[in-house]
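Reproduced below: coords-v1.tsv, with TSV, C-alpha atoms.
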```
chain	number	residue	atom	x	y	z
A	14	MET	CA	-26.26	-136.20	-114.12
A	15	ALA	CA	-29.66	-135.48	-112.72
A	16	LEU	CA	-30.69	-135.27	-109.09
A	17	PRO	CA	-34.16	-134.83	-107.59
A	18	ILE	CA	-34.10	-131.51	-105.74
A	19	PRO	CA	-36.33	-131.04	-102.68
A	20	LEU	CA	-38.09	-127.69	-102.65
A	21	SER	CA	-36.65	-126.87	-99.24
A	22	ILE	CA	-33.02	-127.27	-100.27
A	23	THR	CA	-30.91	-124.10	-100.30
A	24	SER	CA	-28.41	-123.11	-102.98
A	25	GLN	CA	-25.57	-123.63	-100.50
A	26	ARG	CA	-26.75	-127.11	-99.54
A	27	LEU	CA	-27.27	-128.05	-103.19
A	28	ALA	CA	-23.75	-126.92	-104.05
A	29	ASN	CA	-22.30	-128.94	-101.18
A	30	LEU	CA	-24.31	-132.00	-102.20
A	31	LEU	CA	-23.14	-131.81	-105.80
A	32	LEU	CA	-19.56	-131.18	-104.76
A	33	LYS	CA	-19.61	-134.26	-102.51
A	34	LYS	CA	-21.33	-136.62	-104.92
A	35	HIS	CA	-20.00	-135.47	-108.29
A	36	SER	CA	-16.75	-133.54	-107.63
A	37	LEU	CA	-18.04	-130.38	-109.28
A	38	THR	CA	-16.54	-126.96	-108.89
A	39	ALA	CA	-19.01	-124.45	-107.43
A	40	LEU	CA	-18.87	-120.71	-107.81
A	41	ARG	CA	-21.14	-118.94	-105.40
A	42	GLY	CA	-21.83	-115.23	-105.19
A	43	GLY	CA	-24.83	-113.78	-103.38
A	44	THR	CA	-27.90	-115.75	-104.40
A	45	THR	CA	-26.27	-116.94	-107.62
A	46	LEU	CA	-25.39	-120.61	-108.01
A	47	SER	CA	-23.24	-121.45	-111.02
A	48	LEU	CA	-21.90	-124.99	-111.29
A	49	PHE	CA	-19.43	-125.84	-114.03
A	50	SER	CA	-18.56	-129.51	-114.46
A	51	SER	CA	-14.93	-130.56	-114.51
A	52	LEU	CA	-15.69	-134.17	-115.38
A	53	THR	CA	-17.29	-135.35	-118.63
A	54	THR	CA	-20.20	-134.35	-120.82
A	55	THR	CA	-22.16	-136.45	-123.26
A	56	THR	CA	-22.08	-135.49	-126.93
A	57	ASN	CA	-23.84	-137.73	-129.46
A	58	ASN	CA	-23.95	-140.57	-126.92
A	59	ALA	CA	-20.17	-140.51	-126.44
A	60	GLN	CA	-18.30	-139.45	-123.31
A	61	LYS	CA	-16.10	-136.44	-123.96
A	62	ALA	CA	-13.53	-135.18	-121.47
A	63	GLU	CA	-14.40	-131.78	-120.03
A	64	ARG	CA	-11.62	-129.31	-119.27
A	65	PRO	CA	-11.19	-128.46	-115.57
A	66	ARG	CA	-12.84	-125.24	-114.44
A	67	ARG	CA	-11.45	-124.91	-110.93
A	68	SER	CA	-11.06	-121.15	-111.33
A	69	LEU	CA	-13.19	-118.86	-113.49
A	70	LEU	CA	-11.89	-115.30	-113.60
A	71	SER	CA	-14.54	-112.82	-114.69
A	72	VAL	CA	-13.44	-109.40	-115.97
A	73	PRO	CA	-15.52	-106.51	-117.34
A	74	GLY	CA	-15.50	-106.56	-121.11
A	75	SER	CA	-15.21	-102.77	-121.11
A	76	ASP	CA	-11.92	-102.65	-119.15
A	77	ARG	CA	-8.87	-103.26	-121.34
A	78	ARG	CA	-6.43	-103.09	-118.41
A	79	LYS	CA	-8.22	-105.84	-116.49
A	80	ILE	CA	-8.51	-108.01	-119.60
A	81	GLU	CA	-4.77	-107.71	-120.24
A	82	LYS	CA	-4.02	-108.53	-116.60
A	83	ALA	CA	-6.36	-111.55	-116.63
A	84	ALA	CA	-4.58	-112.93	-119.69
A	85	GLY	CA	-1.43	-113.51	-117.66
A	86	LEU	CA	-2.96	-115.06	-114.53
A	87	ASN	CA	-3.32	-118.59	-115.93
A	88	ALA	CA	-6.86	-119.15	-114.62
A	89	ASP	CA	-8.61	-122.26	-115.92
A	90	SER	CA	-11.15	-119.98	-117.59
A	91	VAL	CA	-11.24	-116.26	-118.28
A	92	VAL	CA	-14.75	-114.83	-118.68
A	93	LEU	CA	-15.04	-111.60	-120.65
A	94	ASP	CA	-18.22	-110.17	-119.15
A	95	LEU	CA	-20.70	-108.25	-121.28
A	96	GLU	CA	-23.50	-108.50	-118.72
A	97	ASP	CA	-23.51	-107.30	-115.09
A	98	GLY	CA	-19.90	-106.13	-115.19
A	99	VAL	CA	-20.69	-103.50	-117.82
A	100	PRO	CA	-22.90	-100.39	-117.35
A	101	PHE	CA	-25.77	-100.19	-119.81
A	102	ASP	CA	-24.34	-97.13	-121.57
A	103	ARG	CA	-21.06	-98.97	-122.26
A	104	LYS	CA	-22.47	-102.21	-123.72
A	105	GLU	CA	-21.50	-101.38	-127.30
A	106	GLU	CA	-18.02	-100.26	-126.27
A	107	ALA	CA	-17.52	-103.48	-124.29
A	108	ARG	CA	-18.72	-105.63	-127.19
A	109	LYS	CA	-16.21	-104.00	-129.54
A	110	LEU	CA	-13.37	-104.49	-127.06
A	111	VAL	CA	-14.26	-108.16	-126.52
A	112	VAL	CA	-14.35	-108.72	-130.29
A	113	GLU	CA	-10.95	-107.04	-130.56
A	114	THR	CA	-9.64	-109.31	-127.80
A	115	LEU	CA	-10.96	-112.44	-129.55
A	116	ARG	CA	-9.40	-111.28	-132.81
A	117	GLU	CA	-6.02	-110.79	-131.10
A	118	GLN	CA	-6.28	-114.20	-129.43
A	119	GLU	CA	-7.08	-115.75	-132.80
A	120	ALA	CA	-3.96	-114.20	-134.31
A	121	SER	CA	-1.76	-115.08	-131.31
A	122	PRO	CA	-3.23	-117.97	-129.24
A	123	SER	CA	-0.51	-117.60	-126.61
A	124	ILE	CA	-2.06	-114.39	-125.21
A	125	PHE	CA	-4.34	-116.29	-122.80
A	126	GLY	CA	-2.05	-119.30	-122.58
A	127	ASN	CA	-3.95	-122.44	-121.62
A	128	SER	CA	-6.92	-120.52	-120.24
A	129	GLU	CA	-10.34	-121.20	-121.68
A	130	VAL	CA	-11.64	-117.97	-123.24
A	131	CYS	CA	-15.32	-117.41	-122.44
A	132	VAL	CA	-17.76	-114.58	-123.09
A	133	ARG	CA	-20.66	-113.90	-120.73
A	134	ILE	CA	-23.47	-112.52	-122.85
A	135	ASN	CA	-26.39	-110.43	-121.66
A	136	GLY	CA	-29.38	-112.49	-120.53
A	137	LEU	CA	-31.66	-113.83	-123.25
A	138	GLU	CA	-34.51	-111.84	-121.73
A	139	THR	CA	-32.78	-108.64	-122.94
A	140	GLY	CA	-33.58	-109.59	-126.54
A	141	LYS	CA	-31.48	-107.55	-128.96
A	142	LEU	CA	-28.62	-107.08	-126.49
A	143	SER	CA	-27.97	-110.80	-126.18
A	144	LEU	CA	-28.44	-111.42	-129.91
A	145	ASP	CA	-25.95	-108.65	-130.73
A	146	ASP	CA	-23.49	-110.22	-128.29
A	147	LEU	CA	-23.81	-113.65	-129.90
A	148	GLN	CA	-23.62	-112.31	-133.43
A	149	ALA	CA	-20.46	-110.38	-132.55
A	150	VAL	CA	-18.46	-113.14	-130.83
A	151	LEU	CA	-19.51	-116.43	-132.42
A	152	PRO	CA	-17.50	-116.02	-135.64
A	153	TYR	CA	-14.18	-116.17	-133.78
A	154	SER	CA	-12.42	-119.51	-133.41
A	155	SER	CA	-10.65	-118.19	-130.29
A	156	LEU	CA	-13.99	-118.33	-128.44
A	157	ASP	CA	-14.09	-121.47	-126.31
A	158	ALA	CA	-17.35	-120.99	-124.40
A	159	ILE	CA	-20.44	-118.84	-123.99
A	160	VAL	CA	-21.65	-118.13	-120.46
A	161	VAL	CA	-25.44	-117.73	-120.50
A	162	PRO	CA	-26.71	-115.96	-117.36
A	163	LYS	CA	-30.01	-116.50	-115.57
A	164	VAL	CA	-30.89	-119.76	-117.32
A	165	GLU	CA	-34.31	-120.97	-116.21
A	166	HIS	CA	-35.51	-123.25	-119.04
A	167	PRO	CA	-33.88	-125.88	-121.26
A	168	SER	CA	-35.06	-123.85	-124.26
A	169	ASP	CA	-32.55	-121.14	-123.25
A	170	VAL	CA	-29.67	-123.57	-123.78
A	171	ASP	CA	-31.22	-125.07	-126.91
A	172	PHE	CA	-31.60	-121.60	-128.45
A	173	VAL	CA	-27.96	-120.66	-127.89
A	174	SER	CA	-26.81	-124.11	-129.05
A	175	ARG	CA	-28.67	-123.69	-132.35
A	176	LEU	CA	-27.08	-120.29	-132.91
A	177	VAL	CA	-23.64	-121.74	-132.19
A	178	SER	CA	-24.23	-124.55	-134.70
A	179	MET	CA	-25.52	-122.12	-137.33
A	180	SER	CA	-22.53	-119.85	-136.87
A	181	SER	CA	-19.70	-122.33	-136.52
A	182	GLY	CA	-20.99	-125.73	-137.62
A	183	ASP	CA	-21.31	-128.88	-135.56
A	184	GLY	CA	-17.61	-129.62	-135.85
A	185	ARG	CA	-16.50	-126.71	-133.66
A	186	ASP	CA	-16.65	-127.28	-129.93
A	187	VAL	CA	-18.00	-124.07	-128.38
A	188	ARG	CA	-19.20	-124.89	-124.88
A	189	ILE	CA	-22.29	-123.36	-123.26
A	190	LEU	CA	-21.93	-122.64	-119.55
A	191	ALA	CA	-25.43	-122.26	-118.14
A	192	ALA	CA	-25.56	-120.13	-114.99
A	193	ILE	CA	-28.38	-121.16	-112.65
A	194	GLU	CA	-29.39	-118.05	-110.70
A	195	SER	CA	-32.97	-118.57	-109.60
A	196	ALA	CA	-35.30	-121.03	-107.88
A	197	LYS	CA	-36.98	-121.74	-111.22
A	198	GLY	CA	-33.61	-122.64	-112.72
A	199	LEU	CA	-32.98	-125.06	-109.85
A	200	LEU	CA	-36.36	-126.70	-110.30
A	201	ASN	CA	-35.65	-127.15	-114.02
A	202	LEU	CA	-32.05	-128.26	-113.47
A	203	ARG	CA	-32.57	-131.81	-114.75
A	204	ASP	CA	-34.04	-130.65	-118.08
A	205	ILE	CA	-31.48	-127.85	-118.45
A	206	ALA	CA	-28.65	-130.35	-117.95
A	207	GLU	CA	-30.02	-132.50	-120.77
A	208	ALA	CA	-30.45	-129.60	-123.22
A	209	GLY	CA	-28.09	-128.18	-125.79
A	210	THR	CA	-27.01	-131.31	-127.71
A	211	GLY	CA	-24.15	-131.96	-125.31
A	212	ARG	CA	-22.55	-128.50	-125.48
A	213	GLN	CA	-23.56	-127.39	-122.01
A	214	SER	CA	-21.99	-127.43	-118.58
A	215	LEU	CA	-23.74	-126.27	-115.43
```
Step by step, read the file and then write its structure as structure tokens.
Amino acid sequence: MALPIPLSITSQRLANLLLKKHSLTALRGGTTLSLFSSLTTTTNNAQKAERPRRSLLSVPGSDRRKIEKAAGLNADSVVLDLEDGVPFDRKEEARKLVVETLREQEASPSIFGNSEVCVRINGLETGKLSLDDLQAVLPYSSLDAIVVPKVEHPSDVDFVSRLVSMSSGDGRDVRILAAIESAKGLLNLRDIAEAGTGRQSL
């Protein structure tokens, strides 16, 4: 799926256009445009069904009470947020709590029911913060998807995809949800959509 995007188009108009033409689910907040496909994605030249993401519930990774509440709400996807939802001085605490949550979900998959369990990492531009996030959560089989914020280049998705493959092997299906949050990301949308060896959704 690739559309030419006029420079004058707004995030709202782009979301409406994609919703009309491709039945995508759009999540809009402020100037952020995050589009997560509920149709199919191509992996190794084969069409693979994509789980529906009609509702993505984001909760701070540092708040145990909210995580426990989110587990029982049956959202299509639950996003354990390590980025904007967590103050800088609580990043390590949040990471440990998210790892604990993934470990519990691994031991008892019924905790989150049918919800997709996602982790929103810190932006790749933060360097060590994002690498620590990925290193901490990728070993767990209960992790269904990584939400990568502020994606502007296809290399962002390729980088995370390589780390996923190195950590879990090509046989494990960990999705990459690329959040498009800037004009540069919109301009590079076509290339971003084609990156990541088929793991990504937009």
Got a sec: who's within 9 Å of Gly209 in chain A, counting all atoms listed in the file, leaving out chain neighbours fewer than 4 positions off, as number ranges by chain? A: 167-175, 189, 205, 213
| query | Which residue, A:Asp146, A:Glu106, A:Asp186, A:Asp157, has the smallest gap to Cys131 in chain A when you use only C-alpha atoms? | reply |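 Using only C-alpha atoms, Cys131 in chain A sits closest to A:Asp157.
Ranking A:Val150, A:Arg188, A:Glu96, A:Ser155 by their shortest atom-to-atom distance to Leu137 in chain A, with only C-alpha atoms included, puts A:Glu96 first.
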Can you tell me which residues surround Glu81 in chain A at a distance of at most 10 Å, considering only C-alpha atoms, apart from same-chain residues fewer than 2 positions away, and format the answer as a list in words?
Val72, Asp76, Arg77, Arg78, Lys79, Ala83, Ala84, Gly85, Leu86, Thr114, Ile124 and Phe125 of chain A
From the list A:Glu117, A:Asp145, A:Glu129, A:Glu207, the nearest residue to Leu176 in chain A using all atoms listed in the file is A:Asp145
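Comparing A:Asn135, A:Gln118, A:Ser178, A:Ser71 by their smallest distance to Leu151 in chain A, the closest is A:Ser178 (using all atoms listed in the file).
Our summary of the geometry notes that CA of Leu202 in chain A is positioned 22.7 Å from CA of Asp97 in chain A.
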Problem set entry | Å distance separating CA of Ser128 in chain A from CA of Val112 in chain A, one decimal place |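 These two atoms are separated by 17.2 Å.
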The residue from A:Ile80, A:Ala107, A:Val187, A:Leu69 with the smallest atom-to-atom distance to Tyr153 in chain A, counting only C-alpha atoms, is A:Val187
_Option closest in space to Ser121 in chain A, from A:Ile159, A:Ser154, A:Ala208, A:Ala191 [counting all atoms listed in the file]_ =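 Between A:Ile159, A:Ser154, A:Ala208, A:Ala191, the residue approaching Ser121 in chain A most closely is A:Ser154.
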Taking all listed atoms of range 61-79 of chain A, build the axis-aligned box, pad each of the six sides by 5 Å, then write its centre and edge lengths in Å to one decimal as JSON.
```
{"center_x": -11.3, "center_y": -119.5, "center_z": -117.4, "size_x": 19.7, "size_y": 43.8, "size_z": 23.0}
```
